[in-house]
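Q: Dropping in data-v2.cif, which is mmCIF, C-alpha atoms:
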data_work
#
loop_
_atom_site.label_atom_id
_atom_site.label_comp_id
_atom_site.auth_asym_id
_atom_site.auth_seq_id
_atom_site.Cartn_x
_atom_site.Cartn_y
_atom_site.Cartn_z
CA MET X 291 -26.84 5.81 12.92
CA SER X 292 -23.68 6.54 14.90
CA LEU X 293 -20.26 5.43 13.69
CA SER X 294 -19.13 2.00 14.84
CA ILE X 295 -16.28 -0.34 13.93
CA ARG X 296 -16.66 -4.11 14.05
CA GLY X 297 -13.25 -5.78 14.33
CA PHE X 298 -12.51 -8.93 12.34
CA PRO X 299 -11.97 -12.17 14.28
CA ASN X 300 -8.15 -12.08 14.49
CA GLY X 301 -8.08 -8.41 15.54
CA PHE X 302 -6.56 -7.30 12.24
CA GLY X 303 -8.91 -5.17 10.14
CA GLY X 304 -12.42 -3.94 10.82
CA GLU X 305 -15.63 -2.83 9.11
CA VAL X 306 -16.94 0.69 9.64
CA GLU X 307 -20.66 1.48 9.79
CA GLY X 308 -22.51 4.74 10.21
CA VAL X 309 -20.48 7.03 7.96
CA ASP X 310 -21.19 8.43 4.49
CA CYS X 311 -17.78 8.99 2.87
CA SER X 312 -19.31 11.15 0.14
CA ARG X 313 -20.15 13.90 2.63
CA PRO X 314 -18.11 16.02 5.08
CA VAL X 315 -17.20 14.06 8.22
CA SER X 316 -17.28 15.52 11.72
CA PRO X 317 -14.08 15.90 13.77
CA GLU X 318 -15.44 13.30 16.19
CA ALA X 319 -15.94 10.78 13.37
CA VAL X 320 -12.46 11.52 12.00
CA ALA X 321 -10.96 10.89 15.45
CA ALA X 322 -12.91 7.61 15.76
CA ILE X 323 -11.70 6.43 12.35
CA GLU X 324 -8.09 7.32 13.19
CA ALA X 325 -8.40 5.43 16.47
CA GLY X 326 -9.76 2.50 14.47
CA MET X 327 -6.79 2.69 12.13
CA ASP X 328 -4.41 2.66 15.10
CA ARG X 329 -6.08 -0.48 16.40
CA TYR X 330 -7.00 -2.42 13.24
CA ALA X 331 -4.66 -0.96 10.54
CA VAL X 332 -7.20 -1.82 7.78
CA LEU X 333 -10.75 -0.47 7.65
CA VAL X 334 -13.52 -1.41 5.21
CA PHE X 335 -16.35 0.99 4.31
CA ARG X 336 -19.14 -0.79 2.42
CA ASP X 337 -21.61 0.76 -0.04
CA GLN X 338 -19.72 3.97 -0.71
CA PRO X 339 -20.41 5.09 -4.30
CA LEU X 340 -17.92 7.92 -4.72
CA SER X 341 -16.83 10.33 -7.39
CA ASP X 342 -13.12 11.04 -7.63
CA GLU X 343 -13.71 14.45 -6.05
CA GLN X 344 -15.60 12.93 -3.12
CA GLN X 345 -12.88 10.34 -2.55
CA ILE X 346 -10.21 13.05 -2.50
CA ALA X 347 -12.26 15.20 -0.10
CA PHE X 348 -12.78 12.27 2.30
CA THR X 349 -9.08 11.37 2.18
CA ARG X 350 -8.07 14.92 3.08
CA HIS X 351 -9.79 14.57 6.46
CA PHE X 352 -6.80 12.46 7.54
CA GLY X 353 -3.77 14.37 6.24
CA GLN X 354 -2.01 15.73 3.18
CA LEU X 355 -2.28 14.07 -0.20
CA GLU X 356 0.93 12.60 -1.50
CA LYS X 357 2.91 14.82 -3.86
CA TYR X 358 4.39 12.97 -6.78
CA GLU X 359 7.73 14.71 -7.31
CA THR X 360 9.23 11.21 -7.48
CA PRO X 361 7.51 9.17 -10.22
CA GLY X 362 5.77 6.00 -9.09
CA ASP X 363 5.10 4.48 -12.49
CA ILE X 364 6.12 4.66 -16.14
CA ARG X 365 3.07 6.52 -17.44
CA LYS X 366 3.52 9.65 -19.51
CA PRO X 367 0.99 12.50 -19.12
CA SER X 368 -0.74 11.31 -22.30
CA ASP X 369 -1.20 7.84 -20.74
CA ARG X 370 -3.21 9.11 -17.78
CA ARG X 371 -6.93 8.41 -17.57
CA LEU X 372 -7.70 10.19 -14.28
CA GLY X 373 -7.12 13.67 -12.89
CA ALA X 374 -4.70 14.95 -10.28
CA GLY X 375 -4.78 13.51 -6.77
CA ILE X 376 -6.06 10.07 -7.66
CA ALA X 377 -4.08 7.06 -8.88
CA ASP X 378 -5.41 4.69 -11.51
CA PHE X 379 -5.15 0.98 -10.63
CA SER X 380 -7.41 -0.19 -13.43
CA ASN X 381 -6.58 -2.25 -16.48
CA LEU X 382 -8.00 0.45 -18.77
CA THR X 383 -6.35 2.69 -21.34
CA PRO X 384 -7.11 6.44 -21.47
CA ALA X 385 -9.70 5.59 -24.15
CA GLY X 386 -11.45 3.21 -21.71
CA ARG X 387 -10.44 -0.02 -23.44
CA ILE X 388 -8.91 -3.01 -21.66
CA MET X 389 -5.12 -2.96 -21.89
CA SER X 390 -3.54 -5.55 -24.16
CA ALA X 391 -1.53 -8.39 -22.65
CA ASP X 392 1.71 -6.87 -23.93
CA ASP X 393 0.94 -3.28 -22.91
CA ARG X 394 4.04 -1.98 -21.14
CA ILE X 395 1.97 -0.30 -18.41
CA TRP X 396 0.03 -3.53 -17.78
CA LEU X 397 3.26 -5.51 -17.47
CA PHE X 398 4.70 -2.92 -15.06
CA LYS X 399 1.52 -3.04 -12.94
CA LEU X 400 1.67 -6.83 -12.58
CA ALA X 401 4.24 -6.34 -9.82
CA ASP X 402 1.39 -4.96 -7.68
CA GLN X 403 0.66 -8.65 -7.08
CA LEU X 404 3.84 -8.83 -4.98
CA TRP X 405 3.70 -7.97 -1.27
CA HIS X 406 4.56 -4.28 -0.87
CA SER X 407 4.03 -1.06 1.05
CA ASP X 408 2.86 1.93 -1.00
CA SER X 409 5.55 4.48 -1.79
CA SER X 410 8.30 2.73 0.16
CA TYR X 411 10.40 3.60 -2.92
CA ARG X 412 10.03 7.32 -2.09
CA PRO X 413 12.10 9.30 0.45
CA VAL X 414 8.87 10.12 2.32
CA THR X 415 6.68 7.02 2.45
CA ALA X 416 2.89 6.79 2.47
CA LYS X 417 0.67 7.12 5.53
CA TYR X 418 -2.85 5.92 4.64
CA SER X 419 -4.01 4.61 1.27
CA LEU X 420 -7.70 4.54 0.33
CA LEU X 421 -8.81 2.29 -2.53
CA SER X 422 -12.26 2.63 -4.06
CA GLY X 423 -13.73 -0.29 -6.01
CA ARG X 424 -15.70 1.13 -8.94
CA ILE X 425 -15.91 -1.93 -11.24
CA ILE X 426 -14.99 -5.35 -9.85
CA PRO X 427 -14.22 -8.52 -11.87
CA SER X 428 -16.55 -11.47 -11.44
CA SER X 429 -13.88 -13.54 -9.63
CA GLY X 430 -10.41 -13.14 -8.17
CA ALA X 431 -8.91 -9.67 -7.68
CA ASN X 432 -8.91 -9.84 -3.88
CA THR X 433 -6.54 -7.52 -2.03
CA GLU X 434 -4.59 -9.18 0.76
CA PHE X 435 -3.14 -7.33 3.74
CA ALA X 436 -0.43 -8.52 6.15
CA ASP X 437 -0.05 -7.15 9.69
CA MET X 438 3.59 -6.13 10.11
CA ARG X 439 3.05 -5.41 13.83
CA ALA X 440 2.02 -8.98 14.54
CA ALA X 441 4.83 -10.20 12.28
CA TYR X 442 7.38 -8.26 14.34
CA ASP X 443 5.87 -9.52 17.61
CA GLY X 444 6.13 -13.07 16.25
CA LEU X 445 9.91 -12.90 15.74
CA ASP X 446 12.17 -14.65 18.22
CA GLU X 447 14.30 -12.36 20.40
CA ARG X 448 17.51 -13.09 18.51
CA THR X 449 15.96 -12.04 15.19
CA LYS X 450 14.43 -8.94 16.77
CA ALA X 451 17.91 -7.91 17.89
CA GLU X 452 19.31 -8.64 14.42
CA VAL X 453 16.75 -6.52 12.53
CA GLU X 454 16.62 -3.62 15.01
CA ASP X 455 19.18 -1.35 13.33
CA LEU X 456 19.15 -2.64 9.76
CA VAL X 457 18.52 -0.21 6.90
CA CYS X 458 17.11 -1.35 3.54
CA GLU X 459 17.25 0.16 0.09
CA HIS X 460 13.90 0.39 -1.71
CA SER X 461 13.31 0.92 -5.42
CA LEU X 462 10.78 0.12 -8.14
CA ILE X 463 13.76 -1.34 -9.99
CA TYR X 464 13.88 -4.16 -7.42
CA SER X 465 10.15 -4.98 -7.40
CA ARG X 466 9.83 -4.88 -11.20
CA GLY X 467 13.02 -6.89 -11.63
CA ALA X 468 11.51 -9.60 -9.42
CA ILE X 469 8.90 -10.35 -12.13
CA GLY X 470 11.35 -9.97 -15.01
CA PHE X 471 10.43 -6.40 -15.98
CA THR X 472 13.93 -5.05 -16.50
CA GLU X 473 13.70 -2.99 -19.70
CA LEU X 474 13.69 0.46 -18.13
CA THR X 475 14.90 3.60 -19.84
CA GLU X 476 17.80 5.57 -18.39
CA GLU X 477 15.33 8.27 -17.32
CA GLU X 478 13.21 5.68 -15.51
CA ARG X 479 16.24 4.21 -13.76
CA GLU X 480 17.21 7.66 -12.59
CA ASN X 481 13.67 8.31 -11.36
CA PHE X 482 13.65 5.00 -9.50
CA ARG X 483 17.05 5.24 -7.82
CA PRO X 484 17.01 3.52 -4.40
CA VAL X 485 16.09 5.24 -1.13
CA ARG X 486 16.86 4.04 2.40
CA HIS X 487 14.46 3.13 5.20
CA PRO X 488 14.91 1.24 8.49
CA LEU X 489 13.69 -2.34 8.59
CA VAL X 490 11.93 -1.73 11.92
CA ARG X 491 9.54 1.18 12.42
CA LYS X 492 7.79 2.54 15.49
CA HIS X 493 4.27 3.87 14.95
CA PRO X 494 4.17 7.60 15.76
CA ARG X 495 0.83 7.40 17.60
CA THR X 496 0.85 4.00 19.27
CA GLY X 497 4.59 3.47 19.72
CA ARG X 498 4.16 -0.12 18.55
CA LYS X 499 7.01 -1.62 16.53
CA SER X 500 6.54 -3.26 13.14
CA LEU X 501 8.59 -4.63 10.29
CA PHE X 502 8.85 -2.38 7.23
CA LEU X 503 9.05 -4.90 4.41
CA SER X 504 8.19 -4.52 0.74
CA SER X 505 8.97 -6.08 -2.62
CA HIS X 506 10.59 -2.71 -3.34
CA ALA X 507 13.28 -3.58 -0.74
CA GLY X 508 16.17 -5.22 -2.56
CA ALA X 509 19.24 -4.49 -0.48
CA ILE X 510 20.39 -4.11 3.12
CA VAL X 511 23.08 -1.54 3.81
CA GLY X 512 26.38 -3.29 4.63
CA TRP X 513 25.22 -6.71 3.39
CA THR X 514 25.92 -8.53 0.15
CA ILE X 515 22.95 -8.53 -2.24
CA PRO X 516 22.43 -12.33 -2.21
CA GLU X 517 22.47 -12.56 1.59
CA ALA X 518 20.21 -9.51 1.95
CA ARG X 519 17.64 -10.84 -0.50
CA MET X 520 17.54 -14.26 1.11
CA PHE X 521 17.05 -12.68 4.53
CA LEU X 522 14.32 -10.33 3.25
CA ARG X 523 12.62 -13.26 1.53
CA ASP X 524 12.66 -15.26 4.79
CA LEU X 525 11.22 -12.29 6.71
CA THR X 526 8.48 -11.80 4.10
CA GLU X 527 7.60 -15.49 4.24
CA HIS X 528 7.30 -15.20 8.03
CA ALA X 529 5.29 -11.97 7.83
CA THR X 530 2.71 -13.27 5.36
CA GLN X 531 1.66 -16.42 7.19
CA ARG X 532 -2.10 -16.95 7.21
CA GLU X 533 -2.51 -15.82 10.81
CA PHE X 534 -1.13 -12.39 9.92
CA VAL X 535 -3.21 -11.89 6.74
CA TYR X 536 -6.66 -10.46 5.94
CA SER X 537 -7.95 -11.10 2.41
CA HIS X 538 -10.49 -8.54 1.20
CA ARG X 539 -13.07 -9.84 -1.25
CA TRP X 540 -14.28 -6.80 -3.14
CA ARG X 541 -17.85 -5.69 -3.66
CA PRO X 542 -18.71 -2.76 -5.93
CA ASN X 543 -18.43 0.57 -4.06
CA ASP X 544 -16.22 -0.76 -1.28
CA LEU X 545 -13.73 1.75 0.08
CA VAL X 546 -10.75 0.18 1.87
CA MET X 547 -8.32 2.23 3.94
CA TRP X 548 -5.01 0.98 5.31
CA ASP X 549 -1.92 2.20 7.14
CA ASN X 550 1.18 1.60 4.99
CA ARG X 551 3.45 2.11 7.99
CA VAL X 552 2.30 -1.14 9.62
CA THR X 553 0.98 -3.28 6.76
CA MET X 554 1.95 -4.82 3.46
CA HIS X 555 -0.58 -5.67 0.78
CA ARG X 556 -0.86 -7.26 -2.63
CA ALA X 557 -3.42 -7.52 -5.41
CA ARG X 558 -4.49 -10.99 -6.51
CA ARG X 559 -4.83 -12.31 -10.03
CA PHE X 560 -8.04 -11.90 -12.05
CA ASP X 561 -9.25 -12.46 -15.62
CA ARG X 562 -7.51 -9.66 -17.48
CA ASN X 563 -10.30 -9.70 -20.10
CA GLU X 564 -12.67 -8.28 -17.48
CA ILE X 565 -12.59 -4.67 -16.32
CA ARG X 566 -11.11 -3.91 -12.93
CA ASP X 567 -11.47 -0.23 -12.11
CA VAL X 568 -10.13 0.67 -8.67
CA ARG X 569 -8.85 4.13 -7.75
CA ARG X 570 -6.49 5.09 -4.96
CA THR X 571 -5.87 8.21 -2.96
CA THR X 572 -2.78 8.31 -0.76
CA LEU X 573 -1.64 10.42 2.15
CA THR X 574 1.98 11.29 2.67
CA ASP X 575 3.74 10.62 5.97
CA ASP X 576 5.19 13.53 7.93
CA ALA X 577 8.92 13.02 7.30
CA PRO X 578 11.45 10.55 5.90
CA VAL X 579 11.47 7.38 8.00
CA ILE X 580 15.19 7.74 8.77
CA ALA X 581 14.56 11.21 10.25
CA GLU X 582 11.52 9.90 12.10
CA ALA X 583 13.62 7.12 13.66
CA ALA X 584 16.29 9.62 14.69
CA ARG X 585 13.71 11.72 16.53
#
Spit out the file's structure as structure tokens when you get a sec.

A:
Amino acid sequence: MSLSIRGFPNGFGGEVEGVDCSRPVSPEAVAAIEAGMDRYAVLVFRDQPLSDEQQIAFTRHFGQLEKYETPGDIRKPSDRRLGAGIADFSNLTPAGRIMSADDRIWLFKLADQLWHSDSSYRPVTAKYSLLSGRIIPSSGANTEFADMRAAYDGLDERTKAEVEDLVCEHSLIYSRGAIGFTELTEEERENFRPVRHPLVRKHPRTGRKSLFLSSHAGAIVGWTIPEARMFLRDLTEHATQREFVYSHRWRPNDLVMWDNRVTMHRARRFDRNEIRDVRRTTLTDDAPVIAEAAR
């Protein structure tokens, strides 16, 4: 069966058929998937039972794995359940038990239910993320995606002119503070110090403009904090209207791939007494967004 991509009704997101992600993929298939990403921004691969090693190998067809010089969570090495190259988005402890309701890591991870773009809190942001659903709760736990290209296109001309040259500061301090998680150590605050990215990005392959929003964005350079946060909240409300959103209902062994440069996403609530084991691989972008914009 040859590779094909069936686009979803609103043109945002698509389902890929005819590829086994556990095996090496031909250059032609890689090119077709990348073209699908350029068009749809989110791709769903059904029935892909993968080991961590197979997921990493498939991800590497599309670029370089993210390097984690800048911490993206509060886990210590002893807290980690999975090996290098793959991020743990489960509710499980290293011993395989469900995290308690007051587990500090669980509370930190609850902010994943806010709209965000992966690694926007790093100097070099993420390119593609690939999330593999290993164990799925019986209800809830959808992942929602918002099309930041369509959101930009939907702005009136005056607002487009206003956002064109704005630069935002992104930090995990902002996104965690939004849910009341403020008890960070001095080391964590240093690790999470803000980085700057433009509010409008241009896709390096398609040239299409998009908003670059995230719950990690908590300031606009040259603006007061209250005015910046109200403006960013208004933009996020605009960008996450139903017509811009695809909600993915997980099945076991789904693999979902998205382009962080043109989308936001969020996890949805589920029964925390059930296991949710999803694992993410992430590709780094080529350069800091500020440098990319300058080029």

Q: Please check which residues have atoms at most 12 Å from (-2.4, 6.1, 23.4) in the file's coordinates, counting all atoms listed in the file, and write them as a list in words.

A: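 So the residues meeting the distance criterion are Glu324, Ala325, Asp328, Arg329, His493, Pro494, Arg495, Thr496, Gly497 and Arg498 of chain X.
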
Q: Could you list, as an MDAnalysis selection string, every residue within 10 Å of segment 331-334 of chain X, counting all atoms listed in the file and ignoring same-chain residues fewer than 3 positions away?

A: chainID X and resid 295:298 301:307 323:328 337 418:421 435:439 536 538 540 544:553

Q: Select, from X:Phe352, X:Thr383, X:Glu343, X:Asp363, the residue with the minimum atom-to-atom distance to Glu478 of chain X, counting only C-alpha atoms.

A: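 Checking each candidate against Glu478 of chain X, we get X:Asp363 as the closest.
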
Q: For segment 507-514 of chain X, I'd like the enclosing box, axis-aligned and padded by 8 Å on every side, reported as JSON with centre and edge lengths in Å to one decimal.

A:
{"center_x": 19.8, "center_y": -5.0, "center_z": 1.0, "size_x": 29.1, "size_y": 23.0, "size_z": 23.2}

Q: Looking at X:Asp378, X:Glu318, X:Asp408, X:Glu476, which one is nearest to Arg365 of chain X, with distances taken over all atoms listed in the file?

A: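 Among the listed residues, X:Asp378 lies closest to Arg365 of chain X.
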
Q: What residues have an atom no more than 8 Å from (20.6, -6.2, 6.7) in the file's own frame, counting all atoms listed in the file, and can you write them as a list in words?

A: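 Selection result: Val453, Leu456, Val457, Cys458, Ala509, Ile510, Val511, Gly512, Trp513, Ala518 and Phe521 of chain X.
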
Q: Given the selection you just returned, output its residues as a file containing C-alpha atoms, formatted as a CSV table (one decimal), keeping the file's coordinate frame.

A:
chain,number,residue,atom,x,y,z
X,453,VAL,CA,16.8,-6.5,12.5
X,456,LEU,CA,19.2,-2.6,9.8
X,457,VAL,CA,18.5,-0.2,6.9
X,458,CYS,CA,17.1,-1.4,3.5
X,509,ALA,CA,19.2,-4.5,-0.5
X,510,ILE,CA,20.4,-4.1,3.1
X,511,VAL,CA,23.1,-1.5,3.8
X,512,GLY,CA,26.4,-3.3,4.6
X,513,TRP,CA,25.2,-6.7,3.4
X,518,ALA,CA,20.2,-9.5,2.0
X,521,PHE,CA,17.0,-12.7,4.5

Q: For the atom pair atom CA of Thr475 of chain X and atom CA of Arg394 of chain X, what is the interatomic distance in Å to one decimal place?

A: 12.3 Å

Q: What's the separation between atom CA of Trp396 of chain X and atom CA of Met520 of chain X, in Å to one decimal place?

A: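 Going from atom CA of Trp396 of chain X over to atom CA of Met520 of chain X covers 27.9 Å.
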
Q: Expand the PyMOL selection byres ((chain X and resi 432) around 9) into the individual residues it matches in the shown file, reporting them as a compact mmCIF listing (two decimals) with C-alpha atoms, keeping the file's coordinate frame.

A:
# COMPACT_ATOMS: atom_id res chain seq x y z
CA SER X 429 -13.88 -13.54 -9.63
CA GLY X 430 -10.41 -13.14 -8.17
CA ALA X 431 -8.91 -9.67 -7.68
CA THR X 433 -6.54 -7.52 -2.03
CA GLU X 434 -4.59 -9.18 0.76
CA SER X 537 -7.95 -11.10 2.41
CA HIS X 538 -10.49 -8.54 1.20
CA ARG X 539 -13.07 -9.84 -1.25
CA TRP X 540 -14.28 -6.80 -3.14
CA ARG X 556 -0.86 -7.26 -2.63
CA ALA X 557 -3.42 -7.52 -5.41
CA ARG X 558 -4.49 -10.99 -6.51
CA ARG X 559 -4.83 -12.31 -10.03
CA PHE X 560 -8.04 -11.90 -12.05

Q: Any idea what's packed within 12 Å of Gly386 of chain X, counting all atoms listed in the file, ignoring anything in its chain fewer than 3 positions away? Could you give it as a compact mmCIF listing (two decimals) with C-alpha atoms, in the frame of the given file?

A:
# COMPACT_ATOMS: atom_id res chain seq x y z
CA ASP X 369 -1.20 7.84 -20.74
CA ARG X 370 -3.21 9.11 -17.78
CA ARG X 371 -6.93 8.41 -17.57
CA LEU X 372 -7.70 10.19 -14.28
CA ASP X 378 -5.41 4.69 -11.51
CA SER X 380 -7.41 -0.19 -13.43
CA ASN X 381 -6.58 -2.25 -16.48
CA LEU X 382 -8.00 0.45 -18.77
CA THR X 383 -6.35 2.69 -21.34
CA MET X 389 -5.12 -2.96 -21.89
CA ILE X 565 -12.59 -4.67 -16.32
CA ARG X 566 -11.11 -3.91 -12.93
CA ASP X 567 -11.47 -0.23 -12.11

Q: Using all atoms listed in the file, which protein or nucleic acid residues come within 6 Å of segment 485-489 of chain X? Drop anything in the same chain fewer than 6 positions from it, and give the result as a PyMOL selection string.

A: chain X and resi 413+456-460+501-502+579-580

Q: Put those residues in a file: C-alpha atoms, as an mmCIF file, in the coordinates of the input.

A:
data_model
loop_
_atom_site.group_PDB
_atom_site.id
_atom_site.type_symbol
_atom_site.label_atom_id
_atom_site.label_comp_id
_atom_site.auth_asym_id
_atom_site.auth_seq_id
_atom_site.Cartn_x
_atom_site.Cartn_y
_atom_site.Cartn_z
ATOM 1 C CA PRO X 413 12.100 9.300 0.450
ATOM 2 C CA LEU X 456 19.150 -2.640 9.760
ATOM 3 C CA VAL X 457 18.520 -0.210 6.900
ATOM 4 C CA CYS X 458 17.110 -1.350 3.540
ATOM 5 C CA GLU X 459 17.250 0.160 0.090
ATOM 6 C CA HIS X 460 13.900 0.390 -1.710
ATOM 7 C CA LEU X 501 8.590 -4.630 10.290
ATOM 8 C CA PHE X 502 8.850 -2.380 7.230
ATOM 9 C CA VAL X 579 11.470 7.380 8.000
ATOM 10 C CA ILE X 580 15.190 7.740 8.770
#

Q: Report, in Å with one decimal, the straight-line distance from atom CA of Gly308 of chain X to atom CA of Leu340 of chain X.

A: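 These atoms are spaced 15.9 Å apart.
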
Q: So which one's closest to His555 of chain X, X:Ile426, X:Leu503, X:Glu533, X:Ala374? Using only C-alpha atoms, please.

A: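 Under the stated criterion, the closest residue is X:Leu503.
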
Q: Need to verify the contact set: Arg523 of chain X, 12 Å, only C-alpha atoms, exclusion of same-chain residues closer than 5 positions in sequence. Can you return it as a ChimeraX atom specification?

A: /X:404-405,468,503-509,515-518,528-530

Q: Closest to Arg466 of chain X among X:Gln344, X:Ser292, X:Gln338, X:Gln403, using all atoms listed in the file?

A: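 Of X:Gln344, X:Ser292, X:Gln338, X:Gln403, the one nearest Arg466 of chain X is X:Gln403, counting all atoms listed in the file.
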
Q: From the list X:Met554, X:Arg562, X:Pro542, X:Ile463, which residue is nearest Ile425 of chain X when using all atoms listed in the file?

A: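 Answer, going by the shortest atom-to-atom distance: X:Pro542.
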
Q: Smallest atom-to-atom distance to Ala377 of chain X: which of X:Ser461, X:Thr526, X:Ser316, X:Gln345, using all atoms listed in the file?

A: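 Of all the options, X:Gln345 lies closest to Ala377 of chain X.
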
Q: If the PyMOL selection byres ((chain X and resi 412) around 9) is run on the structure shown, which residues does it catch, given as a PyMOL selection string?

A: chain X and resi 360-362+409-411+413-416+460-461+482+484-486+578
